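Asker: Here you go, coords-v9.txt (compact mmCIF, C-alpha atoms):
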```txt
# COMPACT_ATOMS: atom_id res chain seq x y z
CA MET I 1 53.18 16.39 -6.98
CA MET I 2 50.23 18.81 -6.93
CA LEU I 3 49.68 18.37 -10.69
CA TYR I 4 49.65 14.58 -10.27
CA ASN I 5 46.92 14.80 -7.55
CA ILE I 6 44.76 16.99 -9.79
CA HIS I 7 44.96 14.42 -12.63
CA VAL I 8 44.09 11.56 -10.25
CA LEU I 9 41.11 13.46 -8.85
CA SER I 10 39.95 14.31 -12.35
CA ALA I 11 40.14 10.64 -13.39
CA ILE I 12 38.20 9.55 -10.30
CA ARG I 13 35.53 12.19 -10.98
CA LYS I 14 35.13 10.96 -14.58
CA CYS I 15 34.76 7.36 -13.39
CA LEU I 16 32.10 8.36 -10.86
CA ILE I 17 30.19 10.33 -13.49
CA LEU I 18 30.15 7.25 -15.71
CA LEU I 19 29.25 4.84 -12.87
CA LEU I 20 26.41 6.83 -11.26
CA PRO I 21 23.86 6.17 -14.02
CA LEU I 22 24.77 2.46 -13.98
CA ILE I 23 24.38 2.28 -10.20
CA SER I 24 20.97 3.99 -10.36
CA LEU I 25 19.79 1.48 -12.99
CA LEU I 26 20.82 -1.48 -10.83
CA SER I 27 19.37 -0.21 -7.56
CA CYS I 28 15.81 -0.83 -6.38
CA SER I 29 13.20 1.74 -7.21
CA LYS I 30 11.94 3.92 -4.38
CA ASP I 31 8.58 2.09 -4.36
CA GLU I 32 10.19 -1.31 -3.96
CA ALA I 33 12.65 -0.35 -1.28
CA THR I 34 11.10 2.38 0.86
CA SER I 35 7.40 2.78 0.14
CA THR I 36 5.14 2.69 3.18
CA TYR I 37 2.06 2.05 1.08
CA SER I 38 1.32 -1.01 -1.02
CA LYS I 39 0.47 -1.08 -4.70
CA ARG I 40 0.04 -4.87 -4.55
CA GLU I 41 -3.67 -4.68 -5.38
CA TYR I 42 -6.07 -1.95 -6.48
CA VAL I 43 -7.71 -0.11 -3.58
CA PHE I 44 -10.20 2.71 -3.90
CA CYS I 45 -13.36 3.21 -1.88
CA PHE I 46 -15.13 5.86 0.14
CA PHE I 47 -17.95 5.57 2.63
CA SER I 48 -19.98 7.85 4.85
CA VAL I 49 -19.48 6.57 8.39
CA PHE I 50 -23.07 7.52 9.20
CA GLN I 51 -24.38 4.92 6.71
CA TYR I 52 -22.19 2.03 7.92
CA ILE I 53 -22.45 1.24 11.62
CA GLU I 54 -19.18 -0.74 11.66
CA LEU I 55 -17.16 2.20 10.29
CA PHE I 56 -18.97 4.56 12.65
CA ASN I 57 -17.93 2.36 15.58
CA VAL I 58 -14.23 2.13 14.69
CA MET I 59 -13.15 5.33 12.96
CA GLY I 60 -13.41 7.52 16.04
CA ASN I 61 -12.31 4.96 18.62
CA TYR I 62 -8.60 4.36 19.20
CA GLY I 63 -7.42 0.78 18.67
CA GLN I 64 -10.65 -0.33 16.93
CA TYR I 65 -10.84 -1.96 13.48
CA ALA I 66 -13.46 -3.26 11.05
CA THR I 67 -13.11 -5.59 8.08
CA LEU I 68 -14.65 -4.99 4.64
CA ARG I 69 -15.09 -7.75 2.06
CA LYS I 70 -16.78 -7.65 -1.33
CA HIS I 71 -19.01 -10.56 -2.41
CA ILE I 72 -20.83 -11.29 -5.67
CA VAL I 73 -23.61 -13.87 -5.35
CA ASN I 74 -26.04 -14.51 -8.22
CA GLY I 75 -25.00 -11.24 -9.84
CA VAL I 76 -25.69 -9.19 -6.70
CA THR I 77 -22.70 -7.34 -5.25
CA SER I 78 -22.57 -6.82 -1.52
CA ILE I 79 -20.06 -5.70 1.08
CA THR I 80 -19.74 -7.44 4.41
CA MET I 81 -18.50 -5.20 7.21
CA THR I 82 -17.56 -6.70 10.54
CA CYS I 83 -16.36 -5.18 13.81
CA ASP I 84 -16.40 -6.30 17.44
CA VAL I 85 -20.06 -5.39 17.98
CA SER I 86 -21.74 -6.07 14.62
CA ARG I 87 -21.65 -7.73 11.22
CA THR I 88 -23.73 -6.44 8.33
CA ASP I 89 -24.11 -7.23 4.62
CA TYR I 90 -24.74 -4.11 2.56
CA THR I 91 -25.96 -4.19 -1.04
CA VAL I 92 -23.78 -1.87 -3.08
CA ASP I 93 -25.03 0.82 -5.41
CA ALA I 94 -23.86 1.38 -8.99
CA LEU I 95 -21.15 3.80 -7.86
CA SER I 96 -19.48 1.44 -5.41
CA LYS I 97 -19.49 -1.62 -7.70
CA GLY I 98 -16.19 -0.44 -9.16
CA PHE I 99 -14.49 0.01 -5.80
CA GLY I 100 -11.28 -1.93 -5.20
CA TYR I 101 -10.84 -3.80 -1.94
CA GLY I 102 -7.26 -5.07 -2.18
CA LEU I 103 -6.19 -8.69 -2.25
CA GLY I 104 -8.43 -10.19 0.45
CA GLY I 105 -10.55 -7.28 1.60
CA LEU I 106 -9.71 -4.33 3.83
CA ILE I 107 -9.14 -3.61 7.49
CA MET I 108 -10.01 -0.02 8.44
CA GLY I 109 -9.84 1.69 11.78
CA THR I 110 -7.94 4.02 14.08
CA ASN I 111 -4.69 3.04 15.77
CA ASN I 112 -3.82 3.83 19.39
CA TYR I 113 -2.20 7.10 18.27
CA GLY I 114 -5.48 8.34 16.75
CA GLU I 115 -4.37 7.86 13.13
CA PRO I 116 -6.76 6.33 10.60
CA MET I 117 -5.28 3.11 9.21
CA CYS I 118 -6.08 0.80 6.30
CA TYR I 119 -4.54 -2.63 5.74
CA ASP I 120 -5.22 -5.57 3.44
CA LEU I 121 -7.23 -8.37 5.05
CA SER I 122 -5.02 -11.04 3.46
CA CYS I 123 -1.82 -12.29 5.09
CA PRO I 124 1.25 -10.74 3.42
CA ILE I 125 3.37 -13.78 4.34
CA CYS I 126 1.04 -16.28 2.63
CA ASP I 127 0.24 -13.65 -0.06
CA ARG I 128 -3.03 -15.24 -1.16
CA ALA I 129 -6.52 -13.71 -1.35
CA GLU I 130 -8.13 -16.62 0.48
CA THR I 131 -5.69 -16.49 3.42
CA ARG I 132 -7.47 -13.86 5.47
CA LEU I 133 -6.52 -12.58 8.89
CA THR I 134 -8.62 -12.71 12.05
CA LEU I 135 -8.69 -9.61 14.25
CA ASN I 136 -8.40 -9.54 18.02
CA ASN I 137 -7.78 -6.41 20.15
CA GLY I 138 -5.56 -4.56 17.67
CA TYR I 139 -3.79 -7.67 16.39
CA ALA I 140 -4.32 -9.58 13.16
CA LYS I 141 -3.38 -13.27 12.98
CA CYS I 142 -3.08 -15.67 10.08
CA ALA I 143 -4.53 -19.12 10.75
CA LYS I 144 -2.35 -20.69 8.05
CA CYS I 145 1.20 -19.45 8.87
CA GLY I 146 0.48 -18.38 12.46
CA VAL I 147 2.09 -14.92 12.18
CA THR I 148 0.53 -12.14 14.27
CA PHE I 149 0.68 -8.49 13.19
CA ASP I 150 0.32 -5.38 15.38
CA MET I 151 -2.18 -3.06 13.68
CA ASN I 152 -1.64 -0.36 16.30
CA ASN I 153 2.05 -0.29 15.39
CA TYR I 154 1.60 0.20 11.62
CA GLY I 155 1.11 -3.50 10.81
CA VAL I 156 4.56 -4.81 11.81
CA ILE I 157 5.10 -8.47 12.66
CA TYR I 158 4.38 -8.87 16.35
CA GLN I 159 4.82 -12.59 16.87
CA THR I 160 5.85 -15.60 14.81
CA PRO I 161 5.29 -19.26 15.66
CA GLU I 162 8.24 -21.18 17.02
CA ASN I 163 10.36 -22.75 14.23
CA ALA I 164 8.58 -20.67 11.57
CA GLU I 165 10.58 -20.16 8.39
CA LEU I 166 9.31 -16.95 6.86
CA LEU I 167 10.43 -16.70 3.25
CA LYS I 168 9.08 -13.14 2.91
CA PRO I 169 8.96 -11.54 6.36
CA ARG I 170 7.07 -8.26 6.01
CA GLY I 171 4.36 -6.27 7.71
CA LEU I 172 0.77 -5.92 6.58
CA TYR I 173 0.01 -4.45 3.18
CA ARG I 174 -0.90 -0.86 4.03
CA TYR I 175 -2.99 1.61 2.01
CA ARG I 176 -3.51 5.36 2.17
CA ILE I 177 -6.58 6.51 4.05
CA ASN I 178 -8.29 9.83 4.73
CA PHE I 179 -10.92 10.41 7.37
CA ASP I 180 -12.52 13.84 7.76
CA GLY I 181 -14.93 12.94 10.54
CA THR I 182 -17.78 11.92 8.23
CA THR I 183 -16.24 10.22 5.18
CA VAL I 184 -13.54 7.58 5.05
CA ASN I 185 -11.57 7.14 1.81
CA ALA I 186 -8.99 4.38 1.21
CA TYR I 187 -6.79 4.28 -1.90
CA ASN I 188 -3.37 3.54 -3.37
```
Is it possible to give me this structure as structure tokens?

Answerer:
Amino acid sequence: MMLYNIHVLSAIRKCLILLLPLISLLSCSKDEATSTYSKREYVFCFFSVFQYIELFNVMGNYGQYATLRKHIVNGVTSITMTCDVSRTDYTVDALSKGFGYGLGGLIMGTNNYGEPMCYDLSCPICDRAETRLTLNNGYAKCAKCGVTFDMNNYGVIYQTPENAELLKPRGLYRYRINFDGTTVNAYN
């Protein structure tokens, strides 16, 4: 009886050894299934908060956020930054022309826990560059689908309209961000 059990265990072990590579090929990659940060669109930029009043206002204040959008008009590249107290268009220099601002722009700020946060300004449900979110007291809302996201809770869905059928329910696209007290750097 003992010899029979050893042969059965050996056969099961061989099957598992053969099946493990197949299972790993069929499973989702780590980025698709568990990644906190989005690679949906290219993001890379850094700014001195002392040169941009909107970033200065939000990076040190809990629950405050600013939006950043890149515009090219008549060959001139500018960045529009908006927060609760101001809106400014900044002409970019040669260095920052190559910066990436995600799908619809960026939302940067500090959540209620004191952590710097960076999200995409476009709605992840609609998933279109022109479907941008509006910010209000730590929440971002899409005018098209009506979904509201909680930016102070890592961009999760906070509220959906009644009878909404969300084909791709997900939180905000989130990007890595570093803030050392003077410079803010967002990237993926």

Asker: May I ask which of the residues I:Tyr62, I:Glu115, I:Ser96, I:Asn136 is the closest one to Asp180 of chain I, counting only C-alpha atoms?

Answerer: I:Glu115

Asker: For segment 163-173 of chain I, find every residue with an atom within 9 Å (counting only C-alpha atoms), except residues of its own chain fewer than 4 positions away, and show them as a list in words.

Answerer: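 Answer for this query is Thr36, Tyr37, Ser38, Lys39, Arg40, Cys118, Tyr119, Asp120, Leu121, Ser122, Cys123, Pro124, Ile125, Cys126, Cys145, Gly146, Val147, Phe149, Asp150, Met151, Tyr154, Gly155, Val156 and Ile157 of chain I.
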
Asker: Could you tell me which of I:Val49, I:Leu135, I:Ile107, I:Ala140 comes closest to Thr67 of chain I if we count only C-alpha atoms?

Answerer: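 That would be I:Ile107, the residue with the smallest distance to Thr67 of chain I.
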
Asker: Quick one: residues within 7 Å of (-5.0, 2.6, -8.1) (file frame), counting only C-alpha atoms, please, as a list in words.

Answerer: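 With a cut-off of 7 Å, the residues come to Tyr42, Val43, Phe44, Tyr187 and Asn188 of chain I.
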
Asker: Would you mind exporting C-alpha atoms of the selected residues as a PDB file, in the frame of the given file?

Answerer:
```
ATOM      1  CA  TYR I  42      -6.070  -1.950  -6.480  1.00  0.00           C
ATOM      2  CA  VAL I  43      -7.710  -0.110  -3.580  1.00  0.00           C
ATOM      3  CA  PHE I  44     -10.200   2.710  -3.900  1.00  0.00           C
ATOM      4  CA  TYR I 187      -6.790   4.280  -1.900  1.00  0.00           C
ATOM      5  CA  ASN I 188      -3.370   3.540  -3.370  1.00  0.00           C
TER       6      ASN I 188
END
```

Asker: Using only C-alpha atoms, which residue out of I:Leu103, I:Met59, I:Met81, I:Met108 lies closest to Glu130 of chain I?

Answerer: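 The shortest atom-to-atom distance to Glu130 of chain I comes from I:Leu103.
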
Asker: Can you complete the atoms of segment 58-91 of chain I to N, CA and C atoms and list them as a short mmCIF file (atom, residue, chain, number, x, y, z; two decimals), in the frame of the given file?

Answerer:
```cif
data_model
loop_
_atom_site.label_atom_id
_atom_site.label_comp_id
_atom_site.auth_asym_id
_atom_site.auth_seq_id
_atom_site.Cartn_x
_atom_site.Cartn_y
_atom_site.Cartn_z
N VAL I 58 -15.69 2.26 14.58
CA VAL I 58 -14.23 2.13 14.69
C VAL I 58 -13.45 3.37 14.31
N MET I 59 -13.98 4.22 13.46
CA MET I 59 -13.15 5.33 12.96
C MET I 59 -12.86 6.39 14.02
N GLY I 60 -13.68 6.53 15.01
CA GLY I 60 -13.41 7.52 16.04
C GLY I 60 -12.89 6.94 17.34
N ASN I 61 -12.71 5.63 17.38
CA ASN I 61 -12.31 4.96 18.62
C ASN I 61 -10.93 4.35 18.47
N TYR I 62 -10.00 4.80 19.28
CA TYR I 62 -8.60 4.36 19.20
C TYR I 62 -8.50 2.84 19.40
N GLY I 63 -7.69 2.21 18.56
CA GLY I 63 -7.42 0.78 18.67
C GLY I 63 -8.54 -0.11 18.17
N GLN I 64 -9.51 0.44 17.44
CA GLN I 64 -10.65 -0.33 16.93
C GLN I 64 -10.55 -0.49 15.41
N TYR I 65 -10.94 -1.67 14.91
CA TYR I 65 -10.84 -1.96 13.48
C TYR I 65 -12.06 -2.73 13.00
N ALA I 66 -12.38 -2.53 11.71
CA ALA I 66 -13.46 -3.26 11.05
C ALA I 66 -12.90 -3.88 9.77
N THR I 67 -13.50 -4.97 9.35
CA THR I 67 -13.11 -5.59 8.08
C THR I 67 -14.18 -5.33 7.04
N LEU I 68 -13.75 -5.20 5.77
CA LEU I 68 -14.65 -4.99 4.64
C LEU I 68 -14.29 -6.01 3.57
N ARG I 69 -15.30 -6.77 3.13
CA ARG I 69 -15.09 -7.75 2.06
C ARG I 69 -16.20 -7.62 1.04
N LYS I 70 -15.83 -7.72 -0.22
CA LYS I 70 -16.78 -7.65 -1.33
C LYS I 70 -17.17 -9.07 -1.74
N HIS I 71 -18.48 -9.26 -1.98
CA HIS I 71 -19.01 -10.56 -2.41
C HIS I 71 -19.91 -10.35 -3.62
N ILE I 72 -19.89 -11.29 -4.55
CA ILE I 72 -20.83 -11.29 -5.67
C ILE I 72 -21.52 -12.65 -5.66
N VAL I 73 -22.82 -12.64 -5.39
CA VAL I 73 -23.61 -13.87 -5.35
C VAL I 73 -24.81 -13.69 -6.26
N ASN I 74 -24.95 -14.56 -7.25
CA ASN I 74 -26.04 -14.51 -8.22
C ASN I 74 -26.15 -13.14 -8.87
N GLY I 75 -25.02 -12.53 -9.18
CA GLY I 75 -25.00 -11.24 -9.84
C GLY I 75 -25.24 -10.04 -8.94
N VAL I 76 -25.46 -10.28 -7.64
CA VAL I 76 -25.69 -9.19 -6.70
C VAL I 76 -24.40 -8.95 -5.91
N THR I 77 -23.93 -7.71 -5.95
CA THR I 77 -22.70 -7.34 -5.25
C THR I 77 -23.05 -6.79 -3.88
N SER I 78 -22.36 -7.31 -2.87
CA SER I 78 -22.57 -6.82 -1.52
C SER I 78 -21.22 -6.67 -0.82
N ILE I 79 -21.24 -5.90 0.26
CA ILE I 79 -20.06 -5.70 1.08
C ILE I 79 -20.41 -6.17 2.49
N THR I 80 -19.57 -7.02 3.03
CA THR I 80 -19.74 -7.44 4.41
C THR I 80 -18.78 -6.64 5.27
N MET I 81 -19.32 -5.95 6.26
CA MET I 81 -18.50 -5.20 7.21
C MET I 81 -18.67 -5.84 8.58
N THR I 82 -17.54 -6.05 9.24
CA THR I 82 -17.56 -6.70 10.54
C THR I 82 -16.68 -5.93 11.50
N CYS I 83 -17.17 -5.73 12.72
CA CYS I 83 -16.36 -5.18 13.81
C CYS I 83 -16.72 -5.96 15.07
N ASP I 84 -16.18 -5.56 16.20
CA ASP I 84 -16.40 -6.30 17.44
C ASP I 84 -17.87 -6.42 17.82
N VAL I 85 -18.68 -5.41 17.49
CA VAL I 85 -20.06 -5.39 17.98
C VAL I 85 -21.11 -5.72 16.91
N SER I 86 -20.72 -5.77 15.63
CA SER I 86 -21.74 -6.07 14.62
C SER I 86 -21.13 -6.62 13.33
N ARG I 87 -22.00 -7.24 12.55
CA ARG I 87 -21.65 -7.73 11.22
C ARG I 87 -22.86 -7.49 10.33
N THR I 88 -22.63 -6.79 9.21
CA THR I 88 -23.73 -6.44 8.33
C THR I 88 -23.34 -6.65 6.88
N ASP I 89 -24.29 -7.15 6.08
CA ASP I 89 -24.11 -7.23 4.62
C ASP I 89 -24.86 -6.06 4.01
N TYR I 90 -24.16 -5.26 3.22
CA TYR I 90 -24.74 -4.11 2.56
C TYR I 90 -24.75 -4.36 1.07
N THR I 91 -25.89 -4.13 0.41
CA THR I 91 -25.96 -4.19 -1.04
C THR I 91 -25.35 -2.91 -1.59
#
```
